[in-house]
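Inspection log for the structure reproduced underneath, given as structure tokens.
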Protein chains: 2
Amino acid sequence: MPDYSIGVDMGGTNLRIAAITTEGQLLEKITTGVKLALGRDYVIGEMCDAILHLTERYRGVGRFLGAGIGVPGIIDVEAGMMRKSANLPGWTDYPVRDEIESRLGARVFLDNDANVAALGEKWLGAARDADDMAMITLGTGIGGAIILNGKIFYGMSGMAGEFGHVTIEPDGVPCGCGNRGCAERYASATAVVRMAREAIASGDAPELAKAVNSDPDFSAKSVYDLAIQGDAAAQRIFTRFGEALGILLADLVNVLDLDMFVIGGGVVSAWDAFAPKMFSELRERSLVYAASAPEDPGAEKEGASAQITSYTRRKTIITRAILGSDAGLYGAARVPASQVYNETRALSQ
Amino acid sequence: MPDYSIGVDMGGTNLRIAAITTEGQLLEKITTGVKLALGRDYVIGEMCDAILHLTERYRGVGRFLGAGIGVPGIIDVEAGMMRKSANLPGWTDYPVRDEIESRLGARVFLDNDANVAALGEKWLGAARDADDMAMITLGTGIGGAIILNGKIFYGMSGMAGEFGHVTIEPDGVPCGCGNRGCAERYASATAVVRMAREAIASGDAPELAKAVNSDPDFSAKSVYDLAIQGDAAAQRIFTRFGEALGILLADLVNVLDLDMFVIGGGVVSAWDAFAPKMFSELRERSLVYAASAPEDPGAEKEGASAQITSYTRRKTIITRAILGSDAGLYGAARVPASQVYNETRALSQ
């Protein structure tokens with residue numbers, strides 16, 4: 001069996017841990033709820049138990065290269081610490097990586113969840129053939145990551161790729177970051193629900209009002225379902241979503257001119273509802289995209305199946321992520337593997 | 001004497017050609033008017049004559065490494081051709097580099113004027129100590145360039161760094177690129193004059209109206225002079241300018257998290273009039289900047305003298321360019337020098 005590593009995806013509700021070979025084969029995946037209320041040490045203990053369970057199980061069948069952990073928030077990758085996290089307040093400025101490393105007796109890497117998701121798509125997903133790419137993760141907010149020459153581009157302080165806080169509307173909706181009109185105020189699950197509530201309050205959205213009253217789990221998915229059924233108010237929300245995402249993409253293409261932009265995260269499942277407007281805004285607003293994009297707008301609709309061929313090599317490709325919620329698991333597992341192999345290569349030179 | 005190369009800065013009105021040593025010493029500079037009306041071949045002839053004049057003169061005192069030429073427009077650096085240029089329509093899709101190379105019998109490099117200006121500031125100017133930086137050039141429009149690891153980041157098709165077309169106002173002033181509300185519609189010399197004419201038309205700008213009637217050369221400089229003298233209408237224009245530039249910078253810092261952003265171009269001389277608003281917008285709108293920036297806002301006012309010290313190393317530095325209109329000349333001369341030396345290093349390894 002080839003060598004393997006462990007990928008950990010720590011979300012706000014689920015902790016997912018997988019053993020993945022260096023060839024990208026998933027050996028086993030463990031999913032547990034995250035009991036954040038029980039505190040940091042409890043969660044770290046559970047995480048380590050699960051990792052040790054897997055390494056025990058695959059002991060001897062392949063070399064264990066270490067664990068990569070994707071967490072939401074601003075990460076100091078060098079220090080292996082979280083600097084800021086909305087969901088994990090008790091975790092900041094605590095040596096998370098070193099603590100887990102000492103418990104496991106193995107190499108551990110801590111990184112931002114958007115970064116490891118991008119690494120996953122680069123390794124085994126939509127961006128397999130793109131060396132320079134960015135990923136936009138549409139979830140509760142918007143996550144972002146830039147990959148150059150196959151490696152995460154961190155920027156000066158590890159904060160490169162904060163796409164969710166690019167200004168879309170200079171006098172728009174206030175954001176927790178201090179800015180107004182950030183992209184994630186219009187193109188995220190939270191934004192969809194907010195826009196739905198605003199539409200209901202304005203009295204222009206009777207079907208949305210019905211849905212919110214009858215469905216205790218009213219969510220972005222509920223709005224999407226109505227949009228697909230033809231409800232005009234729900235469709236307007238995803239048009240606004242697509243417009244904001246198109247402006248963000250146009251800015252990113254104009255600034256970065258990358259081979260590929262991959263759009264992932266849970267809300268990407270609403271692709272049909274927002275993508276047409278997203279592409280029309282992008283084409284109108286980005287001279288760099290217009291210069292590189294296929295003439296045939298029909299081609300864009302098949303974003304999910306877009307391939308980089310020699311013919312399309314110089315075109316900006318905007319496409320859906322392929323790996324879904326596993327992107328972060330695969331990407332996290334990729335970190336220790338590529339790290340160990342890089343060091344081995346360097347030593348043998 | 002050390003080796004030297006030739007830098008060429010081809011603007012819309014002036015052609016400037018300089019012999020510069022690899023140590024950054026300016027040996028001689030020739031400035032002539034650009035007679036664009038006489039056609040591409042005439043201008044290329046004049047350029048080659050001036051370069052040959054300089055190489056004759058310094059023959060034997062140092063090795064001539066080649067010429068770098070900065071031109072406005074979208075350049076295919078690999079092909080050595082211009083793909084699009086507002087000012088030089090007859091130059092597109094013509095083998096400019098190869099033609100000049102064959103006339104000179106020396107290596108020639110063609111690049112975008114904003115890129116070579118950034119290389120100049122990186123080599124001998126404000127960004128000497130920054131490996132990862134971007135430069136915003138405020139002129140007729142806005143030019144942009146990204147430098148990573150000391151080298152220009154071109155992107156997939158050489159169009160990375162189109163900062164001037166980042167959307168600032170989604171429903172703003174139409175731009176020639178097809179977008180609306182582009183940064184350069186608010187923060188460029190052209191934008192200042194347009195906003196002045198709008199203010200005059202609205203009847204709210206009596207001093208500007210006087211100036212435009214009395215001054216046949218009414219320009220952004222005239223608006224700046226009035227702003228500095230305390231004219232409220234002129235000041236509002238530069239406040240709008242600073243706001244737009246602050247939004248652009250916030251977007252760039254959030255996306256790229258670079259060590260340094262250098263602001264240059266002719267209009268940077270209006271720094272006093274636009275910088276306060278630029279910094280306040282930037283601080284408010286960029287969580288990445290706020291996380292890294294000095295608490296003391298007074299420090300920002302001395303942008304021009306900002307130094308990267310060990311203390312400020314992890315702070316985003318926003319600063320004025322140092323080399324003025326010579327940045328492009330130095331940067332263009334740097335290209336053949338670094339290219340030849342890189343190749344020599346590669347061969348000797």
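Identifiers in this document derive from the order of the structure tokens: chains are assigned A, B, ..., residues are numbered from 1 separately in each chain, and ligands are numbered from 1 in order of occurrence.
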Query - At most 7 Å to chain B: residues in chain A, only C-alpha atoms, as a ChimeraX atom specification - result: /A:155-157,159-163,165-167,169-170,177-179,251,254-259,284-288,314
Report task. As a count of residues only, please: all residues of stretch 85-317 of chain A that backbone DSSP puts in strand (DSSP E or B). Result -> 31
Report task. Pick out the residues sitting within 6 Å of B:Val71, and hand them over as a list of chain:residue names; count only C-alpha atoms, and ignore anything fewer than 6 positions along from it in its own chain. Result ->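 Contacts, in chain order: B:Met10, B:Asn112, B:Asp113.
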Requested write-out: N, CA and C atoms of the selected residues, as an mmCIF file, in the first residue's frame:
```
data_model
loop_
_atom_site.group_PDB
_atom_site.id
_atom_site.type_symbol
_atom_site.label_atom_id
_atom_site.label_comp_id
_atom_site.auth_asym_id
_atom_site.auth_seq_id
_atom_site.Cartn_x
_atom_site.Cartn_y
_atom_site.Cartn_z
ATOM 1 N N MET B 10 8.284 54.541 -23.660
ATOM 2 C CA MET B 10 7.551 55.129 -24.763
ATOM 3 C C MET B 10 6.198 55.604 -24.310
ATOM 4 N N ASN B 112 4.836 45.980 -20.659
ATOM 5 C CA ASN B 112 3.862 47.019 -20.352
ATOM 6 C C ASN B 112 4.498 48.114 -19.492
ATOM 7 N N ASP B 113 4.114 49.382 -19.724
ATOM 8 C CA ASP B 113 4.736 50.492 -18.997
ATOM 9 C C ASP B 113 4.529 50.408 -17.485
#
```
Report task. Find the residues around B:Val335 up to 9 Å (only C-alpha atoms counted), leave out those fewer than 3 positions away in its own chain, and share them as a count of residues only. Result -> 14
Requested in this report: Write out as a PyMOL selection string the residues lying within 10 Å of B:Asp225, counting only C-alpha atoms and excluding same-chain residues fewer than 3 positions away.
Outcome: chain B and resi 220-222+228-231+234-235+270+273
Mind writing the picked residues with C-alpha atoms as an mmCIF file, in the first residue's frame?
```
data_model
loop_
_atom_site.group_PDB
_atom_site.id
_atom_site.type_symbol
_atom_site.label_atom_id
_atom_site.label_comp_id
_atom_site.auth_asym_id
_atom_site.auth_seq_id
_atom_site.Cartn_x
_atom_site.Cartn_y
_atom_site.Cartn_z
ATOM 1 C CA ALA B 220 -5.979 67.771 -13.037
ATOM 2 C CA LYS B 221 -3.120 69.956 -11.817
ATOM 3 C CA SER B 222 -5.393 73.043 -11.962
ATOM 4 C CA ILE B 228 -4.679 73.083 -1.917
ATOM 5 C CA GLN B 229 -5.830 76.712 -1.812
ATOM 6 C CA GLY B 230 -8.920 75.545 0.087
ATOM 7 C CA ASP B 231 -11.587 75.505 -2.613
ATOM 8 C CA ALA B 234 -11.941 71.018 -5.801
ATOM 9 C CA GLN B 235 -11.395 69.318 -2.450
ATOM 10 C CA ALA B 270 -1.760 65.334 -5.561
ATOM 11 C CA ALA B 273 -5.271 66.117 -1.438
#
```
Query - Polymer residues at most 12 Å from B:Phe64, only C-alpha atoms, same-chain spacing of 2 or more positions, as a ChimeraX atom specification - result: /B:1-7,19-22,51-52,54-62,66-68,104-108,333,336-337,340
Could you write out that same residue set with N, CA and C atoms as a short mmCIF file (atom, residue, chain, number, x, y, z; two decimals), in the first residue's frame?
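The resulting file, result-v2.cif, is shown below:
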```
data_model
loop_
_atom_site.label_atom_id
_atom_site.label_comp_id
_atom_site.auth_asym_id
_atom_site.auth_seq_id
_atom_site.Cartn_x
_atom_site.Cartn_y
_atom_site.Cartn_z
N MET B 1 34.19 49.92 -15.86
CA MET B 1 32.76 50.23 -15.71
C MET B 1 31.93 48.95 -15.72
N PRO B 2 30.88 48.92 -14.94
CA PRO B 2 30.02 47.73 -14.96
C PRO B 2 29.25 47.63 -16.28
N ASP B 3 28.65 46.48 -16.50
CA ASP B 3 27.80 46.29 -17.67
C ASP B 3 26.64 47.30 -17.64
N TYR B 4 26.06 47.54 -18.79
CA TYR B 4 24.91 48.45 -18.82
C TYR B 4 23.87 47.94 -19.80
N SER B 5 22.68 48.49 -19.67
CA SER B 5 21.61 48.18 -20.62
C SER B 5 20.88 49.48 -20.95
N ILE B 6 19.96 49.37 -21.89
CA ILE B 6 19.18 50.54 -22.31
C ILE B 6 17.74 50.36 -21.85
N GLY B 7 17.22 51.41 -21.24
CA GLY B 7 15.80 51.42 -20.90
C GLY B 7 15.07 52.41 -21.80
N ALA B 19 20.76 55.00 -20.95
CA ALA B 19 21.76 53.96 -20.71
C ALA B 19 21.99 53.92 -19.20
N ILE B 20 21.80 52.73 -18.61
CA ILE B 20 21.84 52.60 -17.15
C ILE B 20 22.71 51.39 -16.81
N THR B 21 23.63 51.56 -15.89
CA THR B 21 24.51 50.45 -15.53
C THR B 21 23.75 49.44 -14.67
N THR B 22 24.31 48.25 -14.56
CA THR B 22 23.66 47.22 -13.75
C THR B 22 23.69 47.58 -12.27
N ILE B 51 19.11 54.48 -29.56
CA ILE B 51 19.76 53.39 -28.82
C ILE B 51 21.17 53.15 -29.38
N LEU B 52 21.28 53.13 -30.71
CA LEU B 52 22.59 52.89 -31.32
C LEU B 52 23.57 54.03 -31.00
N LEU B 54 23.65 55.66 -28.25
CA LEU B 54 24.15 55.42 -26.88
C LEU B 54 25.11 54.23 -26.83
N THR B 55 24.78 53.17 -27.55
CA THR B 55 25.66 51.99 -27.46
C THR B 55 27.00 52.27 -28.14
N GLU B 56 26.99 53.10 -29.18
CA GLU B 56 28.26 53.53 -29.80
C GLU B 56 29.12 54.26 -28.77
N ARG B 57 28.46 55.17 -28.09
CA ARG B 57 29.13 56.07 -27.16
C ARG B 57 29.77 55.31 -26.00
N TYR B 58 29.09 54.22 -25.54
CA TYR B 58 29.61 53.50 -24.37
C TYR B 58 30.27 52.19 -24.77
N ARG B 59 30.50 52.03 -26.08
CA ARG B 59 31.17 50.83 -26.57
C ARG B 59 32.54 50.71 -25.90
N GLY B 60 32.82 49.56 -25.40
CA GLY B 60 34.15 49.34 -24.84
C GLY B 60 34.28 49.71 -23.37
N VAL B 61 33.40 50.60 -22.88
CA VAL B 61 33.52 50.94 -21.46
C VAL B 61 32.75 49.97 -20.57
N GLY B 62 31.91 49.15 -21.17
CA GLY B 62 31.16 48.15 -20.40
C GLY B 62 30.39 47.30 -21.38
N GLY B 66 21.57 44.66 -23.60
CA GLY B 66 20.31 44.65 -24.35
C GLY B 66 19.43 45.82 -23.95
N ALA B 67 18.25 45.84 -24.54
CA ALA B 67 17.33 46.95 -24.29
C ALA B 67 15.98 46.44 -23.80
N GLY B 68 15.41 47.18 -22.85
CA GLY B 68 14.05 46.91 -22.39
C GLY B 68 13.17 48.08 -22.79
N LEU B 104 19.10 46.22 -33.98
CA LEU B 104 20.15 46.52 -33.00
C LEU B 104 21.20 45.41 -32.95
N GLY B 105 20.80 44.22 -33.33
CA GLY B 105 21.71 43.09 -33.14
C GLY B 105 21.95 42.83 -31.66
N ALA B 106 20.93 43.03 -30.85
CA ALA B 106 21.06 42.83 -29.40
C ALA B 106 19.73 42.34 -28.85
N ARG B 107 19.76 41.77 -27.62
CA ARG B 107 18.53 41.30 -26.97
C ARG B 107 17.60 42.46 -26.68
N VAL B 108 16.34 42.29 -26.98
CA VAL B 108 15.34 43.32 -26.71
C VAL B 108 14.14 42.69 -25.99
N ALA B 333 15.32 49.12 -18.16
CA ALA B 333 16.75 48.76 -18.27
C ALA B 333 17.06 47.53 -17.43
N PRO B 336 16.61 43.47 -19.34
CA PRO B 336 17.68 42.71 -20.01
C PRO B 336 18.79 42.32 -19.04
N ALA B 337 19.08 43.19 -18.08
CA ALA B 337 20.15 42.88 -17.13
C ALA B 337 19.80 41.64 -16.32
N VAL B 340 19.75 38.44 -18.59
CA VAL B 340 21.08 37.93 -18.97
C VAL B 340 21.76 37.29 -17.77
#
```
Report task. Could you find all residues in stretch 185-239 of chain B that DSSP calls helix (DSSP H, G or I) from the backbone, and write them as a ChimeraX atom specification? Result -> /B:185,189-201,206-214,220-228,232-239
Let's have the selection written as a tab-separated table (two decimals), in the first residue's frame, with N, CA and C atoms.
```tsv
chain	number	residue	atom	x	y	z
B	185	ARG	N	-12.16	55.52	-13.46
B	185	ARG	CA	-13.15	56.57	-13.74
B	185	ARG	C	-13.24	57.56	-12.58
B	189	ALA	N	-6.09	61.21	-13.80
B	189	ALA	CA	-6.12	62.60	-14.28
B	189	ALA	C	-7.39	62.87	-15.08
B	190	THR	N	-7.75	61.93	-15.94
B	190	THR	CA	-8.96	62.07	-16.75
B	190	THR	C	-10.19	62.21	-15.85
B	191	ALA	N	-10.24	61.40	-14.79
B	191	ALA	CA	-11.38	61.43	-13.89
B	191	ALA	C	-11.48	62.77	-13.17
B	192	VAL	N	-10.34	63.32	-12.77
B	192	VAL	CA	-10.35	64.61	-12.06
B	192	VAL	C	-10.95	65.69	-12.95
B	193	VAL	N	-10.53	65.71	-14.21
B	193	VAL	CA	-11.04	66.73	-15.13
B	193	VAL	C	-12.53	66.51	-15.39
B	194	ARG	N	-12.94	65.25	-15.56
B	194	ARG	CA	-14.36	64.98	-15.76
B	194	ARG	C	-15.19	65.43	-14.56
B	195	MET	N	-14.72	65.08	-13.36
B	195	MET	CA	-15.47	65.47	-12.16
B	195	MET	C	-15.50	66.98	-12.02
B	196	ALA	N	-14.43	67.67	-12.43
B	196	ALA	CA	-14.42	69.14	-12.37
B	196	ALA	C	-15.46	69.71	-13.32
B	197	ARG	N	-15.53	69.16	-14.51
B	197	ARG	CA	-16.51	69.67	-15.49
B	197	ARG	C	-17.93	69.41	-15.01
B	198	GLU	N	-18.13	68.26	-14.37
B	198	GLU	CA	-19.46	67.96	-13.83
B	198	GLU	C	-19.82	68.94	-12.70
B	199	ALA	N	-18.83	69.23	-11.85
B	199	ALA	CA	-19.08	70.16	-10.74
B	199	ALA	C	-19.40	71.55	-11.27
B	200	ILE	N	-18.68	71.95	-12.33
B	200	ILE	CA	-18.94	73.26	-12.95
B	200	ILE	C	-20.35	73.29	-13.54
B	201	ALA	N	-20.71	72.23	-14.24
B	201	ALA	CA	-22.03	72.17	-14.86
B	201	ALA	C	-23.15	72.22	-13.82
B	206	PRO	N	-17.78	77.61	-8.45
B	206	PRO	CA	-17.46	78.88	-9.13
B	206	PRO	C	-15.96	79.05	-9.41
B	207	GLU	N	-15.11	78.62	-8.47
B	207	GLU	CA	-13.67	78.80	-8.68
B	207	GLU	C	-13.17	77.90	-9.82
B	208	LEU	N	-13.69	76.67	-9.86
B	208	LEU	CA	-13.32	75.78	-10.95
B	208	LEU	C	-13.80	76.35	-12.29
B	209	ALA	N	-15.00	76.94	-12.29
B	209	ALA	CA	-15.54	77.54	-13.51
B	209	ALA	C	-14.63	78.67	-13.99
B	210	LYS	N	-14.18	79.50	-13.03
B	210	LYS	CA	-13.26	80.58	-13.38
B	210	LYS	C	-11.98	80.01	-13.99
B	211	ALA	N	-11.44	78.98	-13.33
B	211	ALA	CA	-10.17	78.41	-13.78
B	211	ALA	C	-10.29	77.84	-15.18
B	212	VAL	N	-11.39	77.15	-15.43
B	212	VAL	CA	-11.52	76.49	-16.74
B	212	VAL	C	-11.67	77.52	-17.85
B	213	ASN	N	-12.25	78.68	-17.50
B	213	ASN	CA	-12.42	79.73	-18.51
B	213	ASN	C	-11.13	80.50	-18.77
B	214	SER	N	-10.30	80.62	-17.72
B	214	SER	CA	-9.11	81.44	-17.88
B	214	SER	C	-7.89	80.62	-18.30
B	220	ALA	N	-5.89	68.27	-14.40
B	220	ALA	CA	-5.98	67.77	-13.04
B	220	ALA	C	-5.13	68.63	-12.09
B	221	LYS	N	-4.00	69.09	-12.61
B	221	LYS	CA	-3.12	69.96	-11.82
B	221	LYS	C	-3.84	71.24	-11.40
B	222	SER	N	-4.65	71.82	-12.30
B	222	SER	CA	-5.39	73.04	-11.96
B	222	SER	C	-6.37	72.77	-10.83
B	223	VAL	N	-7.02	71.60	-10.86
B	223	VAL	CA	-7.98	71.24	-9.80
B	223	VAL	C	-7.23	71.06	-8.48
B	224	TYR	N	-6.07	70.41	-8.57
B	224	TYR	CA	-5.26	70.21	-7.37
B	224	TYR	C	-4.85	71.55	-6.76
B	225	ASP	N	-4.40	72.49	-7.61
B	225	ASP	CA	-3.98	73.80	-7.09
B	225	ASP	C	-5.11	74.47	-6.32
B	226	LEU	N	-6.32	74.39	-6.86
B	226	LEU	CA	-7.47	74.98	-6.16
B	226	LEU	C	-7.77	74.24	-4.86
B	227	ALA	N	-7.64	72.92	-4.88
B	227	ALA	CA	-7.91	72.14	-3.66
B	227	ALA	C	-6.96	72.55	-2.56
B	228	ILE	N	-5.69	72.72	-2.91
B	228	ILE	CA	-4.68	73.08	-1.92
B	228	ILE	C	-4.92	74.49	-1.38
B	232	ALA	N	-13.56	74.35	-1.80
B	232	ALA	CA	-14.31	73.17	-1.35
B	232	ALA	C	-14.67	72.24	-2.50
B	233	ALA	N	-15.06	72.79	-3.63
B	233	ALA	CA	-15.48	71.96	-4.76
B	233	ALA	C	-14.30	71.13	-5.26
B	234	ALA	N	-13.14	71.75	-5.35
B	234	ALA	CA	-11.94	71.02	-5.80
B	234	ALA	C	-11.56	69.96	-4.77
B	235	GLN	N	-11.72	70.29	-3.50
B	235	GLN	CA	-11.40	69.32	-2.45
B	235	GLN	C	-12.33	68.11	-2.51
B	236	ARG	N	-13.62	68.37	-2.80
B	236	ARG	CA	-14.57	67.25	-2.90
B	236	ARG	C	-14.14	66.27	-4.00
B	237	ILE	N	-13.59	66.81	-5.08
B	237	ILE	CA	-13.16	65.94	-6.17
B	237	ILE	C	-12.03	65.01	-5.71
B	238	PHE	N	-11.09	65.56	-4.95
B	238	PHE	CA	-9.99	64.70	-4.49
B	238	PHE	C	-10.41	63.79	-3.33
B	239	THR	N	-11.47	64.19	-2.62
B	239	THR	CA	-12.02	63.27	-1.62
B	239	THR	C	-12.63	62.05	-2.31
```
Report task. Write out as a ChimeraX atom specification each polymer residue whose atoms come within 9 Å of B:Trp271, counting only C-alpha atoms; drop sequence neighbours fewer than 5 positions from it. Result -> /B:242,276,320
File of the preceding selection, C-alpha atoms, as a compact mmCIF listing (two decimals), in the first residue's frame:
```
# COMPACT_ATOMS: atom_id res chain seq x y z
CA GLY B 242 -9.21 59.17 -2.41
CA PRO B 276 -6.17 61.19 3.96
CA ARG B 320 4.42 56.89 -2.69
```
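As for atom CA of A:Val267 and atom CA of A:Gly39, they are spaced 29.1 Å apart.
Note that the spacing between atom CA of B:Leu329 and atom CA of B:Met278 amounts to 28.0 Å.
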**Report entry** Atomic distance atom CA of B:Asp215 - atom CA of B:Ile136, expressed in Å with one decimal
**Finding:**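 Distance reported for this atom pair: 29.3 Å.
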